[in-house]
$ cat structure_30.txt   # compact mmCIF, C-alpha atoms
# COMPACT_ATOMS: atom_id res chain seq x y z
CA MET A 1423 143.33 120.76 137.83
CA THR A 1424 142.41 118.77 140.93
CA ARG A 1425 143.56 115.54 139.28
CA LEU A 1426 146.87 117.16 138.35
CA LEU A 1427 147.41 118.30 141.92
CA GLN A 1428 146.70 114.78 143.11
CA TRP A 1429 149.24 113.45 140.63
CA ILE A 1430 151.83 116.02 141.72
CA VAL A 1431 151.37 114.98 145.35
CA LEU A 1432 151.91 111.38 144.26
CA ALA A 1433 155.05 112.42 142.39
CA VAL A 1434 156.47 114.36 145.30
CA THR A 1435 155.76 111.56 147.77
CA SER A 1436 156.74 108.78 145.39
CA GLY A 1437 159.65 107.77 147.63
CA THR A 1438 157.16 106.62 150.26
CA CYS A 1439 155.05 104.81 147.68
CA VAL A 1440 158.10 103.04 146.30
CA ALA A 1441 159.07 101.82 149.76
CA ALA A 1442 155.64 100.29 150.16
CA TYR A 1443 155.80 98.55 146.78
CA ALA A 1444 159.30 97.28 147.50
CA ALA A 1445 158.17 95.83 150.81
CA GLN A 1446 155.49 93.90 148.97
CA GLY A 1447 157.83 92.70 146.24
CA GLU A 1448 156.00 94.88 143.70
CA THR A 1449 157.94 95.52 140.48
CA LYS A 1450 155.37 97.18 138.26
CA VAL A 1451 153.65 100.53 138.37
CA PRO A 1452 149.88 100.22 138.91
CA SER A 1453 148.00 101.08 135.76
CA PRO A 1454 145.82 104.24 135.95
CA THR A 1455 142.17 103.41 136.40
CA VAL A 1456 140.88 106.48 134.51
CA ASN A 1457 142.01 107.65 131.07
CA ALA A 1458 143.76 111.01 131.36
CA SER A 1459 142.89 113.93 129.09
CA ARG A 1460 145.46 115.42 126.75
CA GLN A 1461 145.56 118.58 128.86
CA LEU A 1462 146.32 116.64 132.04
CA VAL A 1463 149.01 114.56 130.33
CA GLU A 1464 150.67 117.68 128.93
CA GLN A 1465 150.64 119.26 132.38
CA LYS A 1466 152.19 116.10 133.81
CA ALA A 1467 154.88 116.21 131.15
CA ALA A 1468 155.64 119.88 131.90
CA PHE A 1469 155.93 119.11 135.59
CA LEU A 1470 158.24 116.14 135.03
CA LYS A 1471 160.38 118.19 132.65
CA ARG A 1472 161.01 120.69 135.45
CA VAL A 1473 161.77 117.88 137.89
CA LEU A 1474 164.26 116.23 135.55
CA SER A 1475 165.96 119.46 134.52
CA ASP A 1476 166.11 121.43 137.77
CA SER A 1477 165.55 119.38 140.90
CA PRO A 1478 167.83 119.01 143.95
CA ALA A 1479 167.01 115.29 144.04
CA ILE A 1480 168.05 114.80 140.41
CA ARG A 1481 171.24 116.80 140.91
CA ARG A 1482 172.01 114.69 143.98
CA ILE A 1483 171.54 111.46 142.02
CA GLU A 1484 173.64 112.67 139.08
CA ALA A 1485 176.44 113.85 141.36
CA GLY A 1486 176.42 110.70 143.46
CA ASN A 1487 178.11 107.36 142.86
CA ASN A 1488 175.09 105.10 143.31
CA ALA A 1489 175.04 103.17 140.04
CA GLU A 1490 171.58 101.72 140.63
CA ALA A 1491 170.06 105.14 141.32
CA ARG A 1492 171.63 106.53 138.15
CA LYS A 1493 170.24 103.57 136.23
CA PHE A 1494 166.72 104.28 137.51
CA LEU A 1495 167.14 107.94 136.60
CA ALA A 1496 168.29 107.06 133.08
CA SER A 1497 165.22 104.85 132.65
CA ALA A 1498 163.01 107.67 133.93
CA GLN A 1499 164.52 110.06 131.40
CA GLU A 1500 163.98 107.53 128.62
CA ASN A 1501 160.34 107.12 129.64
CA PHE A 1502 159.92 110.89 129.64
CA ARG A 1503 161.32 111.13 126.11
CA ASN A 1504 158.95 108.36 125.00
CA ALA A 1505 156.06 110.23 126.64
CA VAL A 1506 156.89 113.40 124.70
CA LEU A 1507 157.03 111.39 121.48
CA SER A 1508 153.70 109.73 122.29
CA ILE A 1509 152.07 113.11 122.85
CA LYS A 1510 153.31 114.27 119.44
CA ASN A 1511 151.81 111.11 117.93
CA ASN A 1512 148.52 111.74 119.74
CA ASP A 1513 148.96 108.57 121.82
CA ILE A 1514 147.71 110.10 125.06
CA ALA A 1515 147.22 106.82 126.92
CA GLY A 1516 150.73 105.70 126.00
CA ALA A 1517 152.18 109.04 127.07
CA ASP A 1518 150.39 108.84 130.41
CA LYS A 1519 151.77 105.35 130.99
CA HIS A 1520 155.33 106.52 130.25
CA LEU A 1521 154.95 109.51 132.58
CA ASN A 1522 153.68 107.34 135.42
CA GLN A 1523 156.57 104.95 134.87
CA ALA A 1524 159.05 107.84 134.87
CA THR A 1525 157.62 109.17 138.14
CA TRP A 1526 157.89 105.75 139.76
CA LEU A 1527 161.50 105.33 138.60
CA ILE A 1528 162.46 108.77 139.97
CA GLY A 1529 160.97 107.72 143.29
CA LYS A 1530 163.08 104.56 143.32
CA ALA A 1531 166.21 106.57 142.54
CA ARG A 1532 165.42 109.06 145.32
CA GLN A 1533 165.07 106.22 147.81
CA LEU A 1534 168.61 105.12 147.03
CA VAL A 1535 170.06 108.64 147.38
CA PRO A 1536 168.10 110.27 150.24
CA ASP A 1537 168.30 113.94 151.09
CA PRO A 1538 170.98 114.28 153.82
CA LEU A 1539 169.21 117.27 155.36
CA ALA A 1540 165.90 115.42 155.62
CA ARG A 1541 167.61 112.35 157.04
CA ASN A 1542 169.42 114.48 159.60
CA VAL A 1543 166.12 116.03 160.69
CA GLU A 1544 164.64 112.54 161.08
CA HIS A 1545 167.62 111.45 163.20
CA ARG A 1546 167.33 114.58 165.35
CA VAL A 1547 163.62 114.01 165.95
CA ARG A 1548 164.36 110.40 166.84
CA TYR A 1549 167.11 111.54 169.22
CA ALA A 1550 164.74 113.88 171.09
CA GLN A 1551 162.07 111.18 171.32
CA MET A 1552 164.48 108.56 172.64
CA LEU A 1553 166.01 110.98 175.15
CA ASP A 1554 162.54 111.60 176.58
CA SER A 1555 161.81 107.88 176.60
CA VAL A 1556 165.03 107.06 178.48
CA GLU A 1557 164.35 109.74 181.08
CA SER A 1558 160.79 108.51 181.60
CA LEU A 1559 161.97 104.90 181.97
CA ARG A 1560 164.73 105.95 184.35
CA ILE A 1561 162.29 107.74 186.65
CA SER A 1562 159.91 104.78 186.56
CA TYR A 1563 162.74 102.34 187.27
CA GLN A 1564 163.95 104.38 190.26
CA ARG A 1565 160.44 104.68 191.69
CA HIS A 1566 159.71 100.96 191.49
CA LEU A 1567 163.20 100.04 192.66
CA GLN A 1568 162.65 102.14 195.79
CA ARG A 1569 159.38 100.35 196.48
CA ALA A 1570 160.87 96.93 195.91
CA ARG A 1571 164.02 97.54 197.96
CA PRO A 1572 163.60 100.51 200.32
CA GLN A 1573 166.89 102.38 200.60
CA PRO A 1574 168.20 105.94 201.01
CA PRO A 1575 167.63 108.13 197.92
CA GLU A 1576 171.39 108.56 197.40
CA ALA A 1577 171.76 104.79 196.99
CA ALA A 1578 170.32 105.05 193.47
CA ALA A 1579 173.56 106.70 192.40
CA ASN A 1580 175.34 103.39 193.04
CA ASP A 1581 172.82 101.17 191.24
CA ALA A 1582 174.82 99.39 188.51
CA LEU A 1583 172.03 99.64 185.94
CA LEU A 1584 171.55 103.38 186.51
CA VAL A 1585 175.30 103.96 186.34
CA LYS A 1586 175.42 102.18 182.98
CA VAL A 1587 172.44 104.17 181.69
CA ALA A 1588 174.00 107.46 182.80
CA GLN A 1589 177.19 106.57 180.91
CA LEU A 1590 175.23 105.71 177.78
CA VAL A 1591 173.23 108.95 177.95
CA ASP A 1592 176.41 111.01 178.43
CA ARG A 1593 177.95 109.23 175.46
CA ALA A 1594 174.83 109.91 173.37
CA LYS A 1595 174.85 113.62 174.25
CA GLY A 1596 178.53 113.81 173.32
CA HIS A 1597 177.84 112.22 169.94
CA ALA A 1598 174.90 114.57 169.35
CA GLU A 1599 177.01 117.64 170.14
CA SER A 1600 179.57 116.36 167.62
CA GLU A 1601 176.82 115.98 164.98
CA GLN A 1602 177.10 112.18 165.16
CA VAL A 1603 173.37 111.76 165.72
CA VAL A 1604 173.19 108.21 164.35
CA GLN A 1605 175.76 107.08 166.92
CA ALA A 1606 173.93 109.05 169.60
CA ASN A 1607 170.72 107.19 168.81
CA LYS A 1608 172.50 103.85 169.04
CA SER A 1609 173.67 104.70 172.56
CA LEU A 1610 170.18 105.82 173.55
CA ALA A 1611 168.69 102.64 172.11
CA GLU A 1612 171.05 100.61 174.31
CA ALA A 1613 170.11 102.73 177.35
CA GLU A 1614 166.42 102.29 176.56
CA ARG A 1615 166.75 98.53 176.26
CA THR A 1616 168.78 98.32 179.48
CA LEU A 1617 166.09 100.22 181.36
CA MET A 1618 163.30 98.16 179.80
CA MET A 1619 164.89 94.95 181.01
CA GLY A 1620 165.68 96.40 184.44
CA LEU A 1621 162.20 97.78 184.89
CA GLY A 1622 160.72 94.48 183.77
CA ARG A 1623 162.72 92.69 186.45
CA VAL A 1624 161.92 95.12 189.24
CA LEU A 1625 158.22 95.01 188.38
CA GLY A 1626 158.28 91.22 188.67
CA SER A 1627 156.34 89.70 191.51
CA LYS A 1628 159.44 88.23 193.15
CA THR A 1629 160.69 91.70 194.06
CA ILE A 1630 157.53 92.80 195.88
CA GLU A 1631 156.11 91.24 199.03
CA TYR A 1632 152.49 92.37 198.96
CA VAL A 1633 151.39 91.05 202.38
CA GLN A 1634 154.27 92.67 204.24
CA ARG A 1635 154.26 95.99 202.43
CA PHE A 1636 150.64 97.16 202.48
CA GLU A 1637 148.47 97.98 205.46
CA THR A 1638 145.19 98.10 203.50
CA LEU A 1639 143.79 96.55 200.34
CA ALA A 1640 143.16 100.06 199.00
CA GLU A 1641 146.88 100.86 199.29
CA GLU A 1642 147.76 97.56 197.67
CA TYR A 1643 145.31 98.26 194.84
CA ALA A 1644 146.80 101.72 194.22
CA ASN A 1645 150.27 100.21 193.94
CA GLU A 1646 149.09 97.45 191.61
CA LEU A 1647 147.36 100.04 189.42
CA GLU A 1648 150.59 101.99 189.04
CA ARG A 1649 152.46 98.76 188.34
CA ASN A 1650 149.92 97.87 185.66
CA ARG A 1651 150.34 101.29 184.05
CA SER A 1652 154.13 100.95 184.08
CA TYR A 1653 153.87 97.66 182.20
CA ALA A 1654 151.47 99.29 179.73
CA ASP A 1655 153.97 102.13 179.17
CA LEU A 1656 156.69 99.59 178.39
CA ILE A 1657 154.82 97.90 175.57
CA PRO A 1658 155.04 100.54 172.79
CA ILE A 1659 158.72 101.05 173.67
CA ALA A 1660 159.35 97.30 173.49
CA LEU A 1661 157.52 97.00 170.17
CA ASP A 1662 159.57 99.85 168.75
CA GLY A 1663 162.85 98.58 170.19
CA PHE A 1664 162.57 94.86 169.46
CA LYS A 1665 160.55 95.19 166.23
CA PRO A 1666 158.75 91.82 166.36
CA GLY A 1667 156.93 90.36 163.35
CA GLY A 1668 153.36 91.17 162.40
CA GLU A 1669 151.86 88.15 164.14
CA ALA A 1670 153.67 88.97 167.39
CA VAL A 1671 152.48 92.59 167.19
CA ARG A 1672 148.88 91.44 166.73
CA GLU A 1673 149.23 89.04 169.66
CA ALA A 1674 150.67 91.79 171.87
CA ARG A 1675 147.79 94.10 170.99
CA GLN A 1676 145.28 91.42 171.87
CA PHE A 1677 146.88 91.07 175.31
CA VAL A 1678 146.80 94.85 175.71
CA ASP A 1679 143.09 94.91 174.82
CA ALA A 1680 142.42 92.14 177.35
CA ASN A 1681 144.21 94.13 180.04
CA ARG A 1682 142.18 97.22 179.22
CA GLY A 1683 138.94 95.34 179.83
CA LEU A 1684 140.22 93.81 183.08
CA ARG A 1685 141.54 97.15 184.32
CA GLU A 1686 138.16 98.80 183.68
CA GLN A 1687 136.53 95.93 185.57
CA ALA A 1688 138.97 96.45 188.46
CA GLN A 1689 138.23 100.15 188.55
CA ARG A 1690 134.50 99.46 188.84
CA HIS A 1691 135.15 97.10 191.77
CA ALA A 1692 137.41 99.70 193.41
CA ALA A 1693 134.74 102.38 193.02
CA ALA A 1694 132.42 100.05 194.97
CA LYS A 1695 135.15 99.58 197.63
CA ASP A 1696 135.44 95.90 196.70
CA TYR A 1697 139.24 95.92 196.63
CA HIS A 1698 139.61 92.16 196.83
CA SER A 1699 137.76 91.70 193.52
CA ALA A 1700 139.52 94.78 192.11
CA LEU A 1701 142.93 93.29 192.86
CA THR A 1702 142.00 89.94 191.35
CA ALA A 1703 140.88 91.58 188.10
CA LEU A 1704 143.81 93.99 187.97
CA ARG A 1705 146.42 91.27 188.54
CA SER A 1706 144.84 89.26 185.75
CA GLY A 1707 145.25 92.34 183.57
CA THR A 1708 148.86 92.75 184.61
CA ALA A 1709 149.50 89.13 183.63
CA GLN A 1710 148.09 89.97 180.17
CA LEU A 1711 150.57 92.84 179.88
CA GLN A 1712 153.44 90.55 180.87
CA SER A 1713 152.38 88.24 178.05
CA ALA A 1714 152.22 91.22 175.68
CA LEU A 1715 155.79 92.15 176.57
CA ALA A 1716 156.89 88.55 176.01
CA ALA A 1717 155.27 88.65 172.56
CA ALA A 1718 157.12 91.90 171.85
CA GLY A 1719 160.43 90.25 172.79
CA LEU A 1720 160.94 91.45 176.37
CA ARG A 1721 160.86 88.63 178.89
CA VAL A 1722 159.78 89.66 182.39
CA PRO A 1723 159.09 87.64 185.56
CA GLN A 1724 155.53 86.33 185.47
CA ASP A 1725 153.12 86.83 188.35
CA PRO A 1726 151.50 83.76 189.91
CA ARG A 1727 147.97 83.15 188.66
CA PRO A 1728 145.47 85.23 190.65
CA GLN A 1729 143.42 83.10 193.05

$ encode --input "structure_30.txt" --output "structure tokens"
Amino acid sequence: MTRLLQWIVLAVTSGTCVAAYAAQGETKVPSPTVNASRQLVEQKAAFLKRVLSDSPAIRRIEAGNNAEARKFLASAQENFRNAVLSIKNNDIAGADKHLNQATWLIGKARQLVPDPLARNVEHRVRYAQMLDSVESLRISYQRHLQRARPQPPEAAANDALLVKVAQLVDRAKGHAESEQVVQANKSLAEAERTLMMGLGRVLGSKTIEYVQRFETLAEEYANELERNRSYADLIPIALDGFKPGGEAVREARQFVDANRGLREQAQRHAAAKDYHSALTALRSGTAQLQSALAAAGLRVPQDPRPQ
């Protein structure tokens, strides 16, 4: 029974499995490593019979106009019929192979005709996540902009980048209220990218005059620590937004790991009130994060090498 449940889980989640095989260029179903018993194969066949005869996914495929999905479904049905025949002929291994093939083909068909309700839920979740991300980036951008260029709080309302972001967010909310969530997410993605680039610029060393702005090294260290954290917050958003290749992702993660070590070193120096050494280590870490962002696809002004 446990093995059947495992197989049912595989059948239900076969859409995910198929996506993985497709990404790898896989065209064949992996052969089972353990011979199935007659009882298990018959239970598999009964389950697949229910899926093929009374399943929302199957009805969606049959009612749709996706020729390739219907072709996969037809092949799945043919494999199921062959499995039933194999069981009658006491060819249990052959029946199991046909059932596995049928399950895989159903998964491929489902991938081509996804459930609109499930897709809509995914888009809604994505919308909520991106709305939070944009708001977080906006607050961070405003805070660092104020530090870089001190000005009255009301001046932020006239910042061209923030005006553009506000327009994009309003447009996204309008699309979402009209059930056009895909379009809403496109507007939020543009707002997110705009803020990423703006925040990257305002965090750049050219916008901050350390010597003139800080009365003590401790104050300077506290600001640099927040700046470091802001860069670190940008990295997962940049990776998600720019979607670099695997090698670039690995490189970015290596830079992030290097920053983590340097930041911990800086914190130890700061705990000992050695803020000069703390700043040197922390700025080296910040430079690592700038390199990580560059690997992710977001170019930001680079700090001068720490002395």

$ closest_residue --input "structure_30.txt" --among "A:Gln1499, A:Asn1504, A:Ser1558, A:Asn1512" --to "A:Ala1531" --atoms "only C-alpha atoms"
A:Gln1499

$ closest_residue --input "structure_30.txt" --among "A:Ala1491, A:Val1604, A:Ala1718, A:Leu1656" --to "A:Arg1548" --atoms "all atoms listed in the file"
A:Val1604

$ residues_around --input "structure_30.txt" --residues "A:Met1552" --least-positions-apart "4" --cutoff "10 Å" --atoms "only C-alpha atoms" --output "compact mmCIF listing (two decimals) with C-alpha atoms, keeping the file's coordinate frame"
# COMPACT_ATOMS: atom_id res chain seq x y z
CA ARG A 1546 167.33 114.58 165.35
CA VAL A 1547 163.62 114.01 165.95
CA ARG A 1548 164.36 110.40 166.84
CA VAL A 1556 165.03 107.06 178.48
CA GLU A 1557 164.35 109.74 181.08
CA SER A 1558 160.79 108.51 181.60
CA ALA A 1606 173.93 109.05 169.60
CA ASN A 1607 170.72 107.19 168.81
CA LYS A 1608 172.50 103.85 169.04
CA SER A 1609 173.67 104.70 172.56
CA LEU A 1610 170.18 105.82 173.55
CA ALA A 1611 168.69 102.64 172.11
CA ALA A 1613 170.11 102.73 177.35
CA GLU A 1614 166.42 102.29 176.56
CA ILE A 1659 158.72 101.05 173.67

$ residues_around --input "structure_30.txt" --residues "A:Leu1639" --least-positions-apart "2" --cutoff "9 Å" --atoms "only C-alpha atoms" --output "PDB file with C-alpha atoms, keeping the file's coordinate frame"
ATOM      1  CA  PHE A1636     150.640  97.160 202.480  1.00  0.00           C
ATOM      2  CA  GLU A1637     148.470  97.980 205.460  1.00  0.00           C
ATOM      3  CA  GLU A1641     146.880 100.860 199.290  1.00  0.00           C
ATOM      4  CA  GLU A1642     147.760  97.560 197.670  1.00  0.00           C
ATOM      5  CA  TYR A1643     145.310  98.260 194.840  1.00  0.00           C
ATOM      6  CA  ALA A1644     146.800 101.720 194.220  1.00  0.00           C
ATOM      7  CA  TYR A1697     139.240  95.920 196.630  1.00  0.00           C
ATOM      8  CA  HIS A1698     139.610  92.160 196.830  1.00  0.00           C
ATOM      9  CA  LEU A1701     142.930  93.290 192.860  1.00  0.00           C
TER      10      LEU A1701
END

$ residues_near_point --input "structure_30.txt" --point "(168.5, 107.6, 138.8)" --cutoff "10 Å" --atoms "all atoms listed in the file" --output "list of chain:residue names"
A:Ala1479, A:Ile1480, A:Arg1481, A:Arg1482, A:Ile1483, A:Glu1484, A:Gly1486, A:Asn1488, A:Ala1489, A:Glu1490, A:Ala1491, A:Arg1492, A:Lys1493, A:Phe1494, A:Leu1495, A:Ala1496, A:Ser1497, A:Ala1498, A:Gln1499, A:Leu1527, A:Ile1528, A:Gly1529, A:Lys1530, A:Ala1531, A:Arg1532, A:Gln1533, A:Leu1534, A:Val1535

$ closest_residue --input "structure_30.txt" --among "A:Tyr1563, A:Val1473, A:Lys1586, A:Glu1544" --to "A:Ala1524" --atoms "all atoms listed in the file"
A:Val1473

$ atom_distance --input "structure_30.txt" --atom1 "atom CA of A:Arg1649" --atom2 "atom CA of A:Leu1617"
15.4 Å

$ atom_distance --input "structure_30.txt" --atom1 "atom CA of A:Leu1704" --atom2 "atom CA of A:Ala1674"
17.6 Å

$ closest_residue --input "structure_30.txt" --among "A:Arg1560, A:Arg1682, A:Arg1721, A:Arg1460" --to "A:Ile1514" --atoms "all atoms listed in the file"
A:Arg1460

$ atom_distance --input "structure_30.txt" --atom1 "atom CA of A:His1691" --atom2 "atom CA of A:Gly1626"
24.1 Å

$ closest_residue --input "structure_30.txt" --among "A:Gln1724, A:Ser1562, A:Ser1699, A:Thr1616" --to "A:Glu1648" --atoms "all atoms listed in the file"
A:Ser1562

$ closest_residue --input "structure_30.txt" --among "A:Ala1640, A:Met1619, A:Val1624, A:Phe1469" --to "A:Leu1720" --atoms "all atoms listed in the file"
A:Met1619

$ axis_aligned_box --input "structure_30.txt" --around "stretch 1687-1705 of chain A" --padding-each-side "6 Å" --output "AutoDock Vina command-line options"
--center_x 139.4 --center_y 96.2 --center_z 191.6 --size_x 26.0 --size_y 24.4 --size_z 24.1

$ residues_around --input "structure_30.txt" --residues "A:Val1506" --least-positions-apart "6" --cutoff "12 Å" --atoms "all atoms listed in the file" --output "PyMOL selection string"
chain A and resi 1460+1463-1468+1470-1471+1499-1500+1512-1521+1524

$ decode --input "structure_30.txt" --residues "stretch 1519-1555 of chain A" --atoms "C-alpha atoms" --output "PDB file, in the first residue's frame"
ATOM      1  CA  LYS A1519       5.813  -0.196 -17.936  1.00  0.00           C
ATOM      2  CA  HIS A1520       2.714   0.851 -19.905  1.00  0.00           C
ATOM      3  CA  LEU A1521       1.121   2.383 -16.802  1.00  0.00           C
ATOM      4  CA  ASN A1522       4.242   4.387 -15.995  1.00  0.00           C
ATOM      5  CA  GLN A1523       4.382   5.591 -19.587  1.00  0.00           C
ATOM      6  CA  ALA A1524       0.695   6.566 -19.473  1.00  0.00           C
ATOM      7  CA  THR A1525       1.239   8.532 -16.263  1.00  0.00           C
ATOM      8  CA  TRP A1526       4.187  10.374 -17.773  1.00  0.00           C
ATOM      9  CA  LEU A1527       2.210  11.238 -20.919  1.00  0.00           C
ATOM     10  CA  ILE A1528      -0.714  12.569 -18.863  1.00  0.00           C
ATOM     11  CA  GLY A1529       1.749  14.777 -17.020  1.00  0.00           C
ATOM     12  CA  LYS A1530       3.073  16.156 -20.307  1.00  0.00           C
ATOM     13  CA  ALA A1531      -0.460  16.870 -21.499  1.00  0.00           C
ATOM     14  CA  ARG A1532      -1.317  18.629 -18.227  1.00  0.00           C
ATOM     15  CA  GLN A1533       1.724  20.860 -18.588  1.00  0.00           C
ATOM     16  CA  LEU A1534       0.420  22.073 -21.938  1.00  0.00           C
ATOM     17  CA  VAL A1535      -3.090  22.772 -20.608  1.00  0.00           C
ATOM     18  CA  PRO A1536      -2.589  24.086 -17.047  1.00  0.00           C
ATOM     19  CA  ASP A1537      -5.407  24.580 -14.584  1.00  0.00           C
ATOM     20  CA  PRO A1538      -6.526  28.241 -14.912  1.00  0.00           C
ATOM     21  CA  LEU A1539      -7.520  28.393 -11.245  1.00  0.00           C
ATOM     22  CA  ALA A1540      -4.137  27.124 -10.070  1.00  0.00           C
ATOM     23  CA  ARG A1541      -2.327  29.497 -12.406  1.00  0.00           C
ATOM     24  CA  ASN A1542      -4.407  32.407 -11.165  1.00  0.00           C
ATOM     25  CA  VAL A1543      -3.524  31.539  -7.562  1.00  0.00           C
ATOM     26  CA  GLU A1544       0.165  31.467  -8.521  1.00  0.00           C
ATOM     27  CA  HIS A1545      -0.128  34.884 -10.180  1.00  0.00           C
ATOM     28  CA  ARG A1546      -1.930  36.288  -7.138  1.00  0.00           C
ATOM     29  CA  VAL A1547       0.746  34.998  -4.773  1.00  0.00           C
ATOM     30  CA  ARG A1548       3.411  36.467  -7.035  1.00  0.00           C
ATOM     31  CA  TYR A1549       1.537  39.793  -7.082  1.00  0.00           C
ATOM     32  CA  ALA A1550       1.463  39.992  -3.271  1.00  0.00           C
ATOM     33  CA  GLN A1551       5.160  39.102  -3.037  1.00  0.00           C
ATOM     34  CA  MET A1552       6.198  41.692  -5.610  1.00  0.00           C
ATOM     35  CA  LEU A1553       4.028  44.394  -4.031  1.00  0.00           C
ATOM     36  CA  ASP A1554       5.831  43.819  -0.724  1.00  0.00           C
ATOM     37  CA  SER A1555       9.187  43.819  -2.488  1.00  0.00           C
TER      38      SER A1555
END
